[in-house]
$ cat run-v6.txt   # compact mmCIF, C-alpha atoms and all ligand atoms
# COMPACT_ATOMS: atom_id res chain seq x y z
CA MET A 739 43.99 -37.99 86.21
CA LYS A 740 42.85 -35.77 83.35
CA THR A 741 43.15 -36.97 79.78
CA HIS A 742 42.92 -34.71 76.79
CA LYS A 743 41.14 -35.40 73.53
CA ILE A 744 42.90 -33.61 70.75
CA CYS A 745 41.79 -32.42 67.36
CA MET A 746 44.76 -32.35 64.98
CA LEU A 747 44.35 -29.86 62.15
CA GLY A 748 46.57 -31.07 59.32
CA THR A 749 47.97 -34.40 58.24
CA GLY A 750 51.24 -33.10 56.82
CA LEU A 751 54.74 -33.28 58.21
CA ILE A 752 54.00 -31.54 61.50
CA GLY A 753 50.65 -33.27 62.02
CA THR A 754 52.56 -36.54 61.66
CA PHE A 755 55.39 -35.56 64.06
CA TYR A 756 52.91 -34.32 66.67
CA THR A 757 50.70 -37.42 66.44
CA MET A 758 53.76 -39.68 66.49
CA THR A 759 54.90 -37.93 69.67
CA LEU A 760 51.54 -38.19 71.40
CA HIS A 761 50.70 -41.76 70.38
CA ASN A 762 54.09 -43.47 70.18
CA LEU A 763 54.87 -42.69 73.81
CA ARG A 764 51.60 -44.35 74.89
CA GLY A 765 50.65 -41.05 76.51
CA ARG A 766 47.18 -40.63 77.94
CA ASP A 767 46.49 -37.65 75.67
CA ARG A 768 45.19 -38.92 72.33
CA VAL A 769 44.36 -37.48 68.96
CA HIS A 770 40.61 -38.01 68.80
CA ALA A 771 39.76 -36.12 65.61
CA ILE A 772 41.77 -35.46 62.49
CA TYR A 773 41.15 -32.77 59.87
CA SER A 774 42.45 -33.03 56.34
CA ARG A 775 41.24 -31.44 53.09
CA SER A 776 40.88 -34.91 51.59
CA GLN A 777 38.77 -37.69 53.09
CA GLU A 778 41.13 -40.27 51.65
CA ARG A 779 44.14 -38.74 53.43
CA ALA A 780 42.13 -38.30 56.66
CA ASP A 781 41.07 -41.97 56.57
CA LYS A 782 44.60 -43.18 55.91
CA PHE A 783 46.03 -41.03 58.73
CA ALA A 784 43.24 -42.09 61.13
CA LYS A 785 43.86 -45.76 60.38
CA GLU A 786 47.61 -45.44 60.87
CA TRP A 787 47.30 -43.73 64.26
CA GLY A 788 44.05 -45.21 65.59
CA ILE A 789 42.08 -41.95 65.50
CA PRO A 790 38.30 -42.43 65.80
CA ASN A 791 36.94 -39.32 64.03
CA THR A 792 37.82 -37.82 60.65
CA TYR A 793 36.76 -34.48 59.16
CA THR A 794 37.19 -32.51 55.96
CA ASN A 795 35.39 -29.48 57.42
CA LEU A 796 37.60 -27.34 59.66
CA ASP A 797 34.85 -25.96 61.89
CA ALA A 798 33.21 -29.36 62.33
CA ALA A 799 36.56 -30.87 63.33
CA ILE A 800 37.15 -28.17 65.93
CA ARG A 801 33.61 -28.57 67.28
CA ASP A 802 33.89 -32.35 67.71
CA PRO A 803 32.00 -32.58 71.03
CA GLU A 804 34.59 -34.74 72.79
CA VAL A 805 37.58 -32.64 71.76
CA ASN A 806 38.93 -30.17 74.34
CA VAL A 807 42.24 -29.15 72.71
CA VAL A 808 42.94 -28.21 69.10
CA VAL A 809 46.43 -28.44 67.61
CA ILE A 810 46.97 -26.20 64.58
CA GLY A 811 49.32 -27.80 62.04
CA LEU A 812 48.12 -25.97 58.93
CA PRO A 813 49.96 -23.69 56.48
CA ASN A 814 50.88 -20.30 57.97
CA ASN A 815 48.14 -18.36 56.18
CA GLN A 816 45.47 -20.47 57.93
CA HIS A 817 46.58 -20.09 61.56
CA LEU A 818 44.52 -16.95 62.20
CA GLU A 819 41.28 -18.38 60.82
CA ALA A 820 41.80 -21.61 62.77
CA VAL A 821 42.37 -19.60 65.97
CA ARG A 822 39.14 -17.66 65.33
CA LEU A 823 37.15 -20.90 64.93
CA CYS A 824 38.71 -22.50 68.03
CA ALA A 825 37.97 -19.43 70.15
CA ALA A 826 34.36 -19.35 68.93
CA ALA A 827 34.09 -23.01 69.95
CA GLY A 828 35.78 -22.34 73.32
CA LYS A 829 38.55 -24.92 72.73
CA ALA A 830 42.11 -24.68 74.08
CA ILE A 831 44.63 -24.03 71.28
CA LEU A 832 48.16 -25.19 70.63
CA CYS A 833 49.48 -23.52 67.49
CA THR A 834 52.60 -24.46 65.56
CA LYS A 835 55.23 -21.96 64.53
CA PRO A 836 55.29 -19.27 63.20
CA LEU A 837 52.27 -17.97 65.10
CA GLY A 838 51.37 -15.49 62.34
CA ARG A 839 52.78 -14.34 59.05
CA THR A 840 53.17 -10.87 60.57
CA ALA A 841 53.09 -9.31 64.03
CA ALA A 842 49.66 -7.85 63.17
CA GLU A 843 48.27 -11.36 62.61
CA ALA A 844 49.97 -12.70 65.73
CA LYS A 845 48.64 -9.79 67.82
CA GLU A 846 45.13 -10.48 66.58
CA MET A 847 45.48 -14.13 67.60
CA LEU A 848 46.77 -13.11 71.02
CA GLU A 849 43.83 -10.75 71.50
CA ILE A 850 41.34 -13.41 70.38
CA VAL A 851 42.56 -16.07 72.85
CA GLU A 852 42.89 -13.62 75.73
CA LYS A 853 39.43 -12.18 75.12
CA ALA A 854 37.96 -15.68 74.92
CA GLY A 855 39.87 -16.70 78.07
CA ILE A 856 41.11 -19.93 76.51
CA PHE A 857 44.38 -21.75 77.06
CA HIS A 858 46.98 -21.06 74.37
CA GLY A 859 50.39 -22.53 73.72
CA TYR A 860 52.95 -21.72 71.04
CA LEU A 861 54.46 -24.96 69.75
CA GLU A 862 58.10 -23.82 69.50
CA ASP A 863 59.62 -27.28 69.82
CA LEU A 864 63.26 -26.25 69.50
CA ALA A 865 63.08 -24.33 72.77
CA TYR A 866 62.31 -27.69 74.39
CA THR A 867 65.05 -30.01 73.07
CA PRO A 868 66.68 -31.96 75.93
CA LYS A 869 69.97 -30.16 75.31
CA THR A 870 68.31 -26.73 75.19
CA LEU A 871 66.36 -27.28 78.42
CA LYS A 872 69.53 -28.39 80.22
CA SER A 873 71.44 -25.42 78.79
CA LEU A 874 68.70 -22.99 79.81
CA ALA A 875 68.82 -24.38 83.35
CA SER A 876 72.61 -23.82 83.46
CA VAL A 877 72.18 -20.28 82.17
CA LYS A 878 69.48 -19.60 84.79
CA ASN A 879 71.83 -20.92 87.50
CA GLY A 880 74.40 -18.37 86.36
CA ALA A 881 76.91 -20.88 84.98
CA LEU A 882 77.66 -18.61 82.02
CA GLY A 883 77.52 -15.30 83.88
CA ARG A 884 75.89 -12.46 81.95
CA ILE A 885 74.77 -13.63 78.50
CA LEU A 886 76.40 -11.58 75.76
CA TRP A 887 75.67 -13.46 72.55
CA ALA A 888 73.30 -16.23 71.50
CA ARG A 889 73.66 -17.65 68.02
CA SER A 890 71.19 -20.06 66.49
CA ARG A 891 71.43 -21.65 63.08
CA GLU A 892 68.91 -23.65 61.08
CA ALA A 893 69.73 -24.56 57.52
CA HIS A 894 68.52 -27.36 55.24
CA PRO A 895 67.88 -28.03 51.55
CA GLY A 896 64.45 -26.38 51.59
CA PRO A 897 60.88 -27.19 52.65
CA HIS A 898 58.89 -30.22 51.57
CA SER A 899 55.62 -28.59 50.34
CA ASP A 900 54.71 -26.09 47.64
CA TRP A 901 52.96 -23.60 49.95
CA PHE A 902 56.19 -22.83 51.91
CA TRP A 903 57.65 -21.43 48.67
CA ASP A 904 54.67 -19.12 48.16
CA LYS A 905 55.52 -15.80 49.81
CA GLU A 906 51.88 -14.91 50.35
CA MET A 907 50.87 -18.21 51.97
CA ALA A 908 53.98 -18.53 54.11
CA GLY A 909 54.43 -14.83 54.93
CA GLY A 910 58.01 -14.80 53.65
CA GLY A 911 60.80 -17.29 53.12
CA ALA A 912 63.53 -18.79 55.28
CA ILE A 913 63.31 -16.04 57.92
CA VAL A 914 59.67 -16.63 58.81
CA ASP A 915 60.02 -20.42 58.41
CA LEU A 916 63.33 -21.08 60.18
CA GLY A 917 64.27 -17.75 61.74
CA CYS A 918 61.25 -17.96 64.05
CA HIS A 919 62.92 -20.95 65.79
CA CYS A 920 66.32 -19.27 66.01
CA ILE A 921 64.95 -15.98 67.30
CA GLU A 922 63.01 -17.68 70.08
CA ILE A 923 65.97 -19.87 71.07
CA ALA A 924 68.17 -16.78 71.45
CA ARG A 925 65.39 -14.97 73.32
CA ASN A 926 65.18 -17.82 75.81
CA PHE A 927 68.93 -17.68 76.46
CA ILE A 928 69.13 -13.88 76.69
CA GLY A 929 66.02 -13.66 78.86
CA LYS A 930 62.43 -13.11 77.83
CA GLU A 931 62.12 -10.15 80.18
CA VAL A 932 64.78 -8.30 78.14
CA ARG A 933 63.29 -6.16 75.40
CA PRO A 934 64.48 -6.74 71.82
CA LEU A 935 65.25 -3.24 70.58
CA GLU A 936 66.41 -3.32 66.98
CA VAL A 937 67.58 -5.61 64.20
CA MET A 938 70.00 -5.62 61.30
CA CYS A 939 69.32 -8.24 58.67
CA TRP A 940 70.74 -9.45 55.38
CA ALA A 941 68.38 -11.54 53.25
CA ALA A 942 68.81 -12.79 49.72
CA THR A 943 67.40 -15.15 47.13
CA GLN A 944 70.66 -16.87 46.30
CA VAL A 945 69.50 -20.03 44.53
CA LYS A 946 65.78 -20.72 44.23
CA PRO A 947 63.40 -19.14 41.68
CA ILE A 948 61.11 -17.64 44.34
CA ASP A 949 59.91 -14.19 45.45
CA ALA A 950 60.95 -14.64 49.08
CA GLU A 951 64.45 -14.98 50.61
CA ASP A 952 66.09 -18.41 50.64
CA SER A 953 68.93 -17.29 52.98
CA ALA A 954 69.36 -14.71 55.70
CA ILE A 955 71.50 -13.63 58.61
CA GLY A 956 70.19 -11.33 61.32
CA LEU A 957 71.34 -9.57 64.47
CA VAL A 958 68.82 -8.79 67.18
CA LYS A 959 69.99 -6.25 69.72
CA TYR A 960 68.53 -6.48 73.23
CA ALA A 961 68.11 -3.78 75.90
CA ASN A 962 70.88 -5.26 78.08
CA GLY A 963 73.37 -5.07 75.19
CA ALA A 964 73.17 -8.79 74.37
CA ILE A 965 73.07 -9.85 70.74
CA GLY A 966 70.94 -12.62 69.27
CA GLN A 967 72.26 -13.87 65.94
CA PHE A 968 70.40 -16.09 63.53
CA GLU A 969 71.51 -17.82 60.34
CA VAL A 970 68.95 -19.50 58.13
CA SER A 971 69.02 -21.09 54.72
CA TRP A 972 66.98 -23.23 52.37
CA ASN A 973 70.10 -23.88 50.29
CA TYR A 974 72.17 -25.92 52.74
CA ARG A 975 73.04 -29.34 51.31
CA GLY A 976 73.36 -32.62 53.17
CA GLY A 977 70.61 -32.51 55.78
CA MET A 978 69.28 -30.31 58.54
CA ASP A 979 71.90 -28.29 60.37
CA LEU A 980 70.60 -27.23 63.78
CA ARG A 981 73.21 -25.58 65.98
CA ASP A 982 73.27 -23.08 68.80
CA GLU A 983 76.05 -21.27 70.62
CA VAL A 984 75.74 -19.17 73.73
CA ALA A 985 78.47 -17.01 75.21
CA GLY A 986 78.47 -15.27 78.57
CA THR A 987 80.96 -13.47 80.77
CA GLU A 988 81.77 -16.72 82.59
CA GLY A 989 81.34 -19.45 79.99
CA ASN A 990 80.00 -20.84 76.73
CA ILE A 991 77.69 -23.53 75.42
CA ARG A 992 77.79 -25.20 72.00
CA LEU A 993 74.92 -27.37 70.85
CA ASP A 994 74.54 -29.61 67.83
CA HIS A 995 71.01 -31.00 67.73
CA PHE A 996 70.83 -32.82 64.42
CA LEU A 997 73.00 -34.04 61.54
CA ARG A 998 76.14 -34.44 63.69
CA THR A 999 75.05 -35.82 67.01
CA GLY A 1000 77.71 -38.55 67.20
CA PHE A 1001 75.60 -41.15 65.31
CA GLU A 1002 77.21 -42.06 61.97
CA LEU A 1003 76.23 -44.97 59.76
CA PHE A 1004 77.74 -46.14 56.47
CA THR A 1005 75.78 -48.23 54.00
CA SER A 1006 76.65 -49.04 50.44
CA VAL A 1007 73.19 -50.47 49.75
CA GLY A 1008 70.89 -47.99 51.54
CA LEU A 1009 68.82 -48.18 54.70
CA GLY A 1010 65.71 -48.83 52.73
CA GLY A 1011 63.80 -45.82 53.93
CA TYR A 1012 63.65 -42.65 55.96
CA VAL A 1013 66.94 -41.56 57.57
CA ALA A 1014 66.10 -38.24 59.30
CA GLU A 1015 64.19 -35.07 58.42
CA LYS A 1016 65.70 -33.36 55.35
CA ALA A 1017 68.38 -36.06 54.87
CA GLU A 1018 69.40 -36.04 51.21
CA SER A 1019 70.79 -39.52 50.65
CA GLU A 1020 70.17 -43.11 51.63
CA THR A 1021 73.65 -44.45 50.93
CA GLY A 1022 77.19 -43.62 51.93
CA TRP A 1023 77.86 -41.99 55.27
CA LEU A 1024 74.55 -41.14 56.90
CA PHE A 1025 73.72 -39.15 60.01
CA PRO A 1026 70.55 -40.67 61.46
CA VAL A 1027 69.02 -39.24 64.62
CA GLY A 1028 68.45 -41.69 67.49
CA ASP A 1029 65.07 -40.48 68.67
CA GLU A 1030 64.03 -37.75 66.32
CA VAL A 1031 60.96 -36.48 68.16
CA HIS A 1032 62.98 -36.17 71.39
CA GLU A 1033 65.95 -34.48 69.68
CA LEU A 1034 63.50 -31.95 68.22
CA GLY A 1035 61.86 -31.26 71.59
CA TYR A 1036 58.32 -32.44 70.82
CA PRO A 1037 57.70 -34.66 73.90
CA ASN A 1038 59.00 -32.08 76.41
CA MET A 1039 56.93 -29.44 74.63
CA PHE A 1040 53.65 -31.36 74.88
CA VAL A 1041 54.34 -32.29 78.51
CA ASP A 1042 54.81 -28.60 79.34
CA MET A 1043 51.67 -27.65 77.40
CA PHE A 1044 49.37 -30.22 79.03
CA ASN A 1045 50.84 -29.70 82.51
CA ALA A 1046 50.28 -25.94 82.19
CA MET A 1047 46.73 -26.52 80.95
CA GLU A 1048 45.97 -28.66 84.00
CA ASN A 1049 47.70 -26.38 86.51
CA GLY A 1050 46.03 -23.27 85.16
CA SER A 1051 49.45 -21.75 84.43
CA SER A 1052 51.06 -20.48 81.26
CA PRO A 1053 53.39 -22.79 79.32
CA MET A 1054 57.01 -21.81 78.67
CA GLU A 1055 55.96 -20.78 75.14
CA SER A 1056 52.67 -18.90 74.79
CA PHE A 1057 50.97 -16.89 72.04
CA TYR A 1058 52.64 -13.81 73.53
CA ASP A 1059 56.06 -15.31 72.72
CA GLY A 1060 54.88 -16.06 69.20
CA TYR A 1061 53.82 -12.42 68.85
CA VAL A 1062 57.23 -11.11 70.01
CA VAL A 1063 58.95 -13.43 67.52
CA ASN A 1064 56.73 -12.15 64.70
CA ALA A 1065 57.50 -8.54 65.67
CA ILE A 1066 61.24 -9.27 65.44
CA ILE A 1067 60.71 -10.95 62.06
CA ASP A 1068 58.78 -7.94 60.75
CA ALA A 1069 61.75 -5.73 61.69
CA CYS A 1070 64.10 -8.19 59.92
CA TYR A 1071 62.17 -7.89 56.67
CA LYS A 1072 62.25 -4.11 56.96
CA SER A 1073 65.98 -4.04 57.70
CA ALA A 1074 66.75 -6.38 54.80
CA LYS A 1075 65.13 -3.79 52.52
CA THR A 1076 66.44 -0.57 54.07
CA LYS A 1077 69.89 -2.02 54.94
CA GLN A 1078 69.59 -0.12 58.24
CA TRP A 1079 69.08 -1.09 61.90
CA GLU A 1080 65.29 -1.15 62.29
CA PRO A 1081 63.40 -0.89 65.60
CA VAL A 1082 61.32 -3.83 66.81
CA GLN A 1083 57.77 -2.47 67.03
CA LEU A 1084 56.13 -4.05 70.05
CA GLU A 1085 52.75 -2.49 70.72
CA VAL A 1086 52.34 -5.00 73.54
CA TRP A 1087 55.42 -5.33 75.78
CA ARG A 1088 55.12 -7.39 78.96
CA GLY A 1089 58.78 -7.64 79.93
CA SER A 1090 60.94 -5.24 81.88
CA ASN A 1091 61.50 -1.58 81.01
CA ASP A 1092 64.25 -1.16 83.62
CA ILE A 1093 67.02 -3.12 81.94
CA ASP A 1094 69.85 -1.21 80.29
CA GLU A 1095 73.41 -1.80 79.14
CA SER A 1096 75.08 -0.68 82.36
CA GLN A 1097 77.75 -3.11 83.51
CA VAL A 1098 79.84 -3.69 86.58
CA PHE A 1099 83.57 -4.01 85.98
CA GLU A 1100 85.58 -6.52 87.97
CA SER A 1101 88.01 -4.94 90.45
CA TYR A 1102 91.56 -6.24 90.85
CA ASP A 1103 92.30 -4.01 93.85
CA GLU A 1104 91.06 -0.65 95.11
CA GLU A 1105 92.78 1.25 92.31
CA HIS A 1106 92.48 -1.10 89.35
CA TYR A 1107 89.97 -2.91 87.24
CA LEU A 1108 90.97 -6.37 86.06
CA ILE A 1109 90.88 -6.71 82.27
CA LYS A 1110 92.20 -10.26 82.05
CA THR A 1111 94.73 -12.84 83.22
CA GLU A 1112 96.55 -15.28 80.98
CA ILE A 1113 99.10 -18.03 81.48
CA LEU A 1114 101.84 -17.79 78.84
CA PRO A 1115 103.57 -20.72 77.10
CA ASP A 1116 106.52 -20.41 79.53
CA GLU A 1117 104.00 -20.59 82.37
CA ARG A 1118 104.43 -17.03 83.52
CA LYS A 1119 101.14 -15.35 84.38
CA LYS A 1120 100.17 -11.97 82.97
CA ILE A 1121 97.58 -9.74 84.58
CA ILE A 1122 96.24 -6.83 82.50
CA LEU A 1123 94.87 -3.91 84.50
CA LYS A 1124 93.26 -0.53 84.04
CA HIS A 1125 93.59 2.28 86.57
CA LYS A 1126 90.16 3.28 87.83
CA THR A 1127 90.70 7.05 87.67
CA SER A 1128 93.52 7.73 85.20
CA GLY A 1129 92.43 5.00 82.76
CA GLU A 1130 96.08 3.95 82.35
CA LEU A 1131 96.60 0.38 81.10
CA SER A 1132 99.32 -1.74 82.72
CA GLN A 1133 100.37 -5.33 83.14
CA LYS A 1134 101.91 -7.43 85.88
CA VAL A 1135 103.98 -10.47 85.03
CA ILE A 1136 104.18 -13.14 87.69
CA ASP A 1137 106.92 -15.75 87.39
CA LYS A 1138 106.10 -19.45 87.35
CA ALA A 1139 107.76 -20.12 90.70
CA LYS A 1140 105.70 -17.53 92.59
N1 LIG B 1 59.32 -27.85 63.93
C1 LIG B 1 58.12 -27.37 63.78
O1 LIG B 1 57.55 -26.87 64.71
C2 LIG B 1 57.48 -27.41 62.43
C3 LIG B 1 57.98 -28.24 61.43
C4 LIG B 1 57.32 -28.27 60.19
C5 LIG B 1 56.21 -27.47 59.97
N2 LIG B 1 55.76 -26.64 60.97
C6 LIG B 1 54.60 -25.75 60.76
O2 LIG B 1 53.44 -26.56 60.63
C7 LIG B 1 52.53 -25.98 59.70
C8 LIG B 1 52.24 -27.01 58.61
O3 LIG B 1 53.47 -27.39 58.00
P1 LIG B 1 53.72 -28.87 57.45
O4 LIG B 1 55.18 -29.02 57.35
O5 LIG B 1 52.95 -29.87 58.23
O6 LIG B 1 53.10 -28.70 56.01
P2 LIG B 1 52.60 -29.84 55.04
O7 LIG B 1 52.53 -29.27 53.70
O8 LIG B 1 53.39 -31.09 55.26
O9 LIG B 1 51.12 -30.13 55.60
C9 LIG B 1 50.13 -29.12 55.53
C10 LIG B 1 48.80 -29.67 56.01
O10 LIG B 1 47.83 -28.64 55.89
C11 LIG B 1 46.78 -29.06 55.04
N3 LIG B 1 46.28 -27.93 54.25
C12 LIG B 1 45.12 -27.32 54.45
N4 LIG B 1 44.96 -26.35 53.56
C13 LIG B 1 46.01 -26.33 52.78
C14 LIG B 1 46.40 -25.55 51.67
N5 LIG B 1 45.61 -24.58 51.21
N6 LIG B 1 47.58 -25.81 51.11
C15 LIG B 1 48.39 -26.77 51.58
N7 LIG B 1 48.07 -27.56 52.65
C16 LIG B 1 46.89 -27.34 53.22
C17 LIG B 1 47.37 -30.16 54.18
O11 LIG B 1 46.39 -31.01 53.70
C18 LIG B 1 48.31 -30.83 55.16
O12 LIG B 1 47.59 -31.71 55.97
C19 LIG B 1 53.21 -24.70 59.20
O13 LIG B 1 52.75 -23.61 59.94
C20 LIG B 1 54.69 -24.93 59.48
O14 LIG B 1 55.42 -23.76 59.68
C21 LIG B 1 56.35 -26.64 62.19
$ encode --input "run-v6.txt" --output "structure tokens" --more "lines below"
Ligand SMILES: NC(=O)c1ccc[n+]([C@@H]2O[C@H](COP(=O)([O-])OP(=O)(O)OC[C@H]3O[C@@H](n4cnc5c(N)ncnc54)[C@H](O)[C@@H]3O)[C@@H](O)[C@H]2O)c1
Amino acid sequence: MKTHKICMLGTGLIGTFYTMTLHNLRGRDRVHAIYSRSQERADKFAKEWGIPNTYTNLDAAIRDPEVNVVVIGLPNNQHLEAVRLCAAAGKAILCTKPLGRTAAEAKEMLEIVEKAGIFHGYLEDLAYTPKTLKSLASVKNGALGRILWARSREAHPGPHSDWFWDKEMAGGGAIVDLGCHCIEIARNFIGKEVRPLEVMCWAATQVKPIDAEDSAIGLVKYANGAIGQFEVSWNYRGGMDLRDEVAGTEGNIRLDHFLRTGFELFTSVGLGGYVAEKAESETGWLFPVGDEVHELGYPNMFVDMFNAMENGSSPMESFYDGYVVNAIIDACYKSAKTKQWEPVQLEVWRGSNDIDESQVFESYDEEHYLIKTEILPDERKKIILKHKTSGELSQKVIDKAK
């Protein structure tokens, strides 16, 4: 049985969540080396999680001779450089979201890993939440019919570190930080083989004194006519709102991943500590999350990554997916400026080119299409029809008794 020795780049929020996931579950894959800018922080982190080697030099951390996999948990502006160093050292790479600040950066990363022939995974945890995986399986089975609309929302009171608020370091604001999750969730539901064609996006700086957007709403139009919709904000009060909705010709799914999962706790004196990511209070009605790393998809994500690495296959989320997400985000920023639908520029497209908006209408009989049926309050049934050649609309009313 293969075990992996991991180098974790970064001891911030995501470095902590990732290490917590890998070590708390007593998994066989262990963080073996930790990189932080400060030796003091590296030592503290290493002691807390039982990590043998500490580094303050990025390249030395990556080149730790026993390490075979590097996890990138650094600010967005450092992902590309970290990928370059990992590829030069021949180490497998798992990179957090967003892959790049722009599609150009993401494409360069994709080219680097493919040229080096190294394993690469895109750590898009929210595509792996238990509820999302179950929903995706239902969608694949056809339970919802043809997917028409996938909405994903992530909103919270704003990020926890200064660099996120710096447009240059982060590559933007709430769209690049939160929209990357939402876009990839919708893409998974609509189908990754379906090409994203164009986007319309509203973005604004409604509250915070920053150069980037703190709120945005976007529509991503796909080649099969489906619409992906994202809503993101750094101004949402009360915690982290993570919700998805999917609608198809035969059904719907509604998901609430965080904040309102059915777990409510009241305390007048406070819990005495951490409640859940981005929670804003410690007293009153609280919405803790039972098993936070599971609800956020981290364990399923790492299992997929390490299984794929061992099987020689590609994980569900690869650098290519990260690149497509970045290309959609680039179009969002353009659309927010021009106030027009903007095309998604994908220089590398690996999905289908044969999908279009053509649809098959449901027949009622040889002469009519069925538009819909409805049972009325008096229990009569109405059937709305359209004549196939004349286009004439009609309705049949069927009495309760019949
Ligand atoms: N759900 C998720 O997948 C998720 C959640 C949070 C963050 N992230 C991503 O993880 C990466 C890191 O975010 P985070 O929340 O851990 O950030 P953070 O600020 O909590 O931690 C950043 C880490 O990078 C190190 N670092 C190195 N150079 C730095 C610099 N010049 N400025 C600031 N920090 C520097 C810090 O020391 C720290 O260890 C980002 O790409 C972010 O988008 C992903």
$ residues_near_ligand --input "run-v6.txt" --ligand "ligand LIG 1 (chain B)" --cutoff "6 Å" --atoms "all atoms listed in the file" --output "VMD selection string"
chain A and resid 748 to 753 774 to 775 811 to 814 834 to 836 862 to 863 899 901 915
$ closest_residue --input "run-v6.txt" --among "A:Leu1131, A:Leu763, A:Ile948, A:Leu882" --to "A:Ala912" --atoms "all atoms listed in the file"
A:Ile948
$ closest_residue --input "run-v6.txt" --among "A:Lys1124, A:Gln777, A:His894, A:Arg1118" --to "A:Ile1136" --atoms "only C-alpha atoms"
A:Arg1118
$ residues_around --input "run-v6.txt" --residues "A:Glu969" --least-positions-apart "4" --cutoff "10 Å" --atoms "all atoms listed in the file" --output "tab-separated table (two decimals) with C-alpha atoms, in the coordinates of the input"
chain	number	residue	atom	x	y	z
A	889	ARG	CA	73.66	-17.65	68.02
A	890	SER	CA	71.19	-20.06	66.49
A	891	ARG	CA	71.43	-21.65	63.08
A	892	GLU	CA	68.91	-23.65	61.08
A	893	ALA	CA	69.73	-24.56	57.52
A	912	ALA	CA	63.53	-18.79	55.28
A	913	ILE	CA	63.31	-16.04	57.92
A	916	LEU	CA	63.33	-21.08	60.18
A	917	GLY	CA	64.27	-17.75	61.74
A	920	CYS	CA	66.32	-19.27	66.01
A	921	ILE	CA	64.95	-15.98	67.30
A	939	CYS	CA	69.32	-8.24	58.67
A	940	TRP	CA	70.74	-9.45	55.38
A	941	ALA	CA	68.38	-11.54	53.25
A	953	SER	CA	68.93	-17.29	52.98
A	954	ALA	CA	69.36	-14.71	55.70
A	955	ILE	CA	71.50	-13.63	58.61
A	956	GLY	CA	70.19	-11.33	61.32
A	957	LEU	CA	71.34	-9.57	64.47
A	981	ARG	CA	73.21	-25.58	65.98
$ residues_near_point --input "run-v6.txt" --point "(44.0, -27.2, 61.2)" --cutoff "9 Å" --atoms "only C-alpha atoms" --output "ChimeraX atom specification"
/A:745-749,772-774,796,799-800,808-813,816-817,820
$ atom_distance --input "run-v6.txt" --atom1 "atom CA of A:Val984" --atom2 "atom CA of A:Gly929"
12.3 Å
$ atom_distance --input "run-v6.txt" --atom1 "atom CA of A:Asp1094" --atom2 "atom CA of A:Ala961"
5.4 Å
$ closest_atom_pairs --input "run-v6.txt" --of "stretch 814-848 of chain A" --to "stretch 1045-1063 of chain A" --cutoff "9 Å" --atoms "all atoms listed in the file" --output "CSV"
residue,atom,partner,partner_atom,distance
A:Ala830,CA,A:Met1047,CA,8.5
A:Leu832,CA,A:Ser1056,CA,8.8
A:Cys833,CA,A:Phe1057,CA,8.2
A:Lys835,CA,A:Gly1060,CA,7.5
A:Pro836,CA,A:Gly1060,CA,6.8
A:Leu837,CA,A:Gly1060,CA,5.2
A:Gly838,CA,A:Tyr1061,CA,7.6
A:Thr840,CA,A:Tyr1061,CA,8.4
A:Ala841,CA,A:Tyr1061,CA,5.8
A:Ala842,CA,A:Tyr1061,CA,8.4
A:Glu843,CA,A:Tyr1061,CA,8.4
A:Ala844,CA,A:Tyr1061,CA,5.0
A:Lys845,CA,A:Tyr1061,CA,5.9
A:Met847,CA,A:Phe1057,CA,7.6
A:Leu848,CA,A:Phe1057,CA,5.7
$ closest_residue --input "run-v6.txt" --among "A:Gly966, A:Tyr866, A:His742, A:Asn806" --to "A:Val1031" --atoms "only C-alpha atoms"
A:Tyr866
$ residues_around --input "run-v6.txt" --residues "A:Leu935" --least-positions-apart "4" --cutoff "9 Å" --atoms "only C-alpha atoms" --output "PyMOL selection string"
chain A and resi 958-961+1066+1080-1083
$ atom_distance --input "run-v6.txt" --atom1 "atom CA of A:Ala881" --atom2 "atom CA of A:Pro868"
17.6 Å
$ axis_aligned_box --input "run-v6.txt" --around "stretch 842-857 of chain A" --padding-each-side "3 Å" --output "lines of an AutoDock Vina configuration file"
center_x = 44.0
center_y = -14.8
center_z = 70.3
size_x = 18.0
size_y = 19.9
size_z = 21.5
$ closest_residue --input "run-v6.txt" --among "A:Ala826, A:His1106, A:Thr870, A:Ile831" --to "A:Phe857" --atoms "only C-alpha atoms"
A:Ile831
$ closest_residue --input "run-v6.txt" --among "A:Thr943, A:Ser776, A:Ser971, A:Asn962" --to "A:Ser1090" --atoms "all atoms listed in the file"
A:Asn962
$ residues_around --input "run-v6.txt" --residues "A:Leu871" --least-positions-apart "5" --cutoff "10 Å" --atoms "all atoms listed in the file" --output "PyMOL selection string"
chain A and resi 864-866+876-877+926+1035+1038
$ write_last_selection --input "run-v6.txt" --atoms "C-alpha atoms" --output "PDB file, in the coordinates of the input"
ATOM      1  CA  LEU A 864      63.260 -26.250  69.500  1.00  0.00           C
ATOM      2  CA  ALA A 865      63.080 -24.330  72.770  1.00  0.00           C
ATOM      3  CA  TYR A 866      62.310 -27.690  74.390  1.00  0.00           C
ATOM      4  CA  SER A 876      72.610 -23.820  83.460  1.00  0.00           C
ATOM      5  CA  VAL A 877      72.180 -20.280  82.170  1.00  0.00           C
ATOM      6  CA  ASN A 926      65.180 -17.820  75.810  1.00  0.00           C
ATOM      7  CA  GLY A1035      61.860 -31.260  71.590  1.00  0.00           C
ATOM      8  CA  ASN A1038      59.000 -32.080  76.410  1.00  0.00           C
TER       9      ASN A1038
END
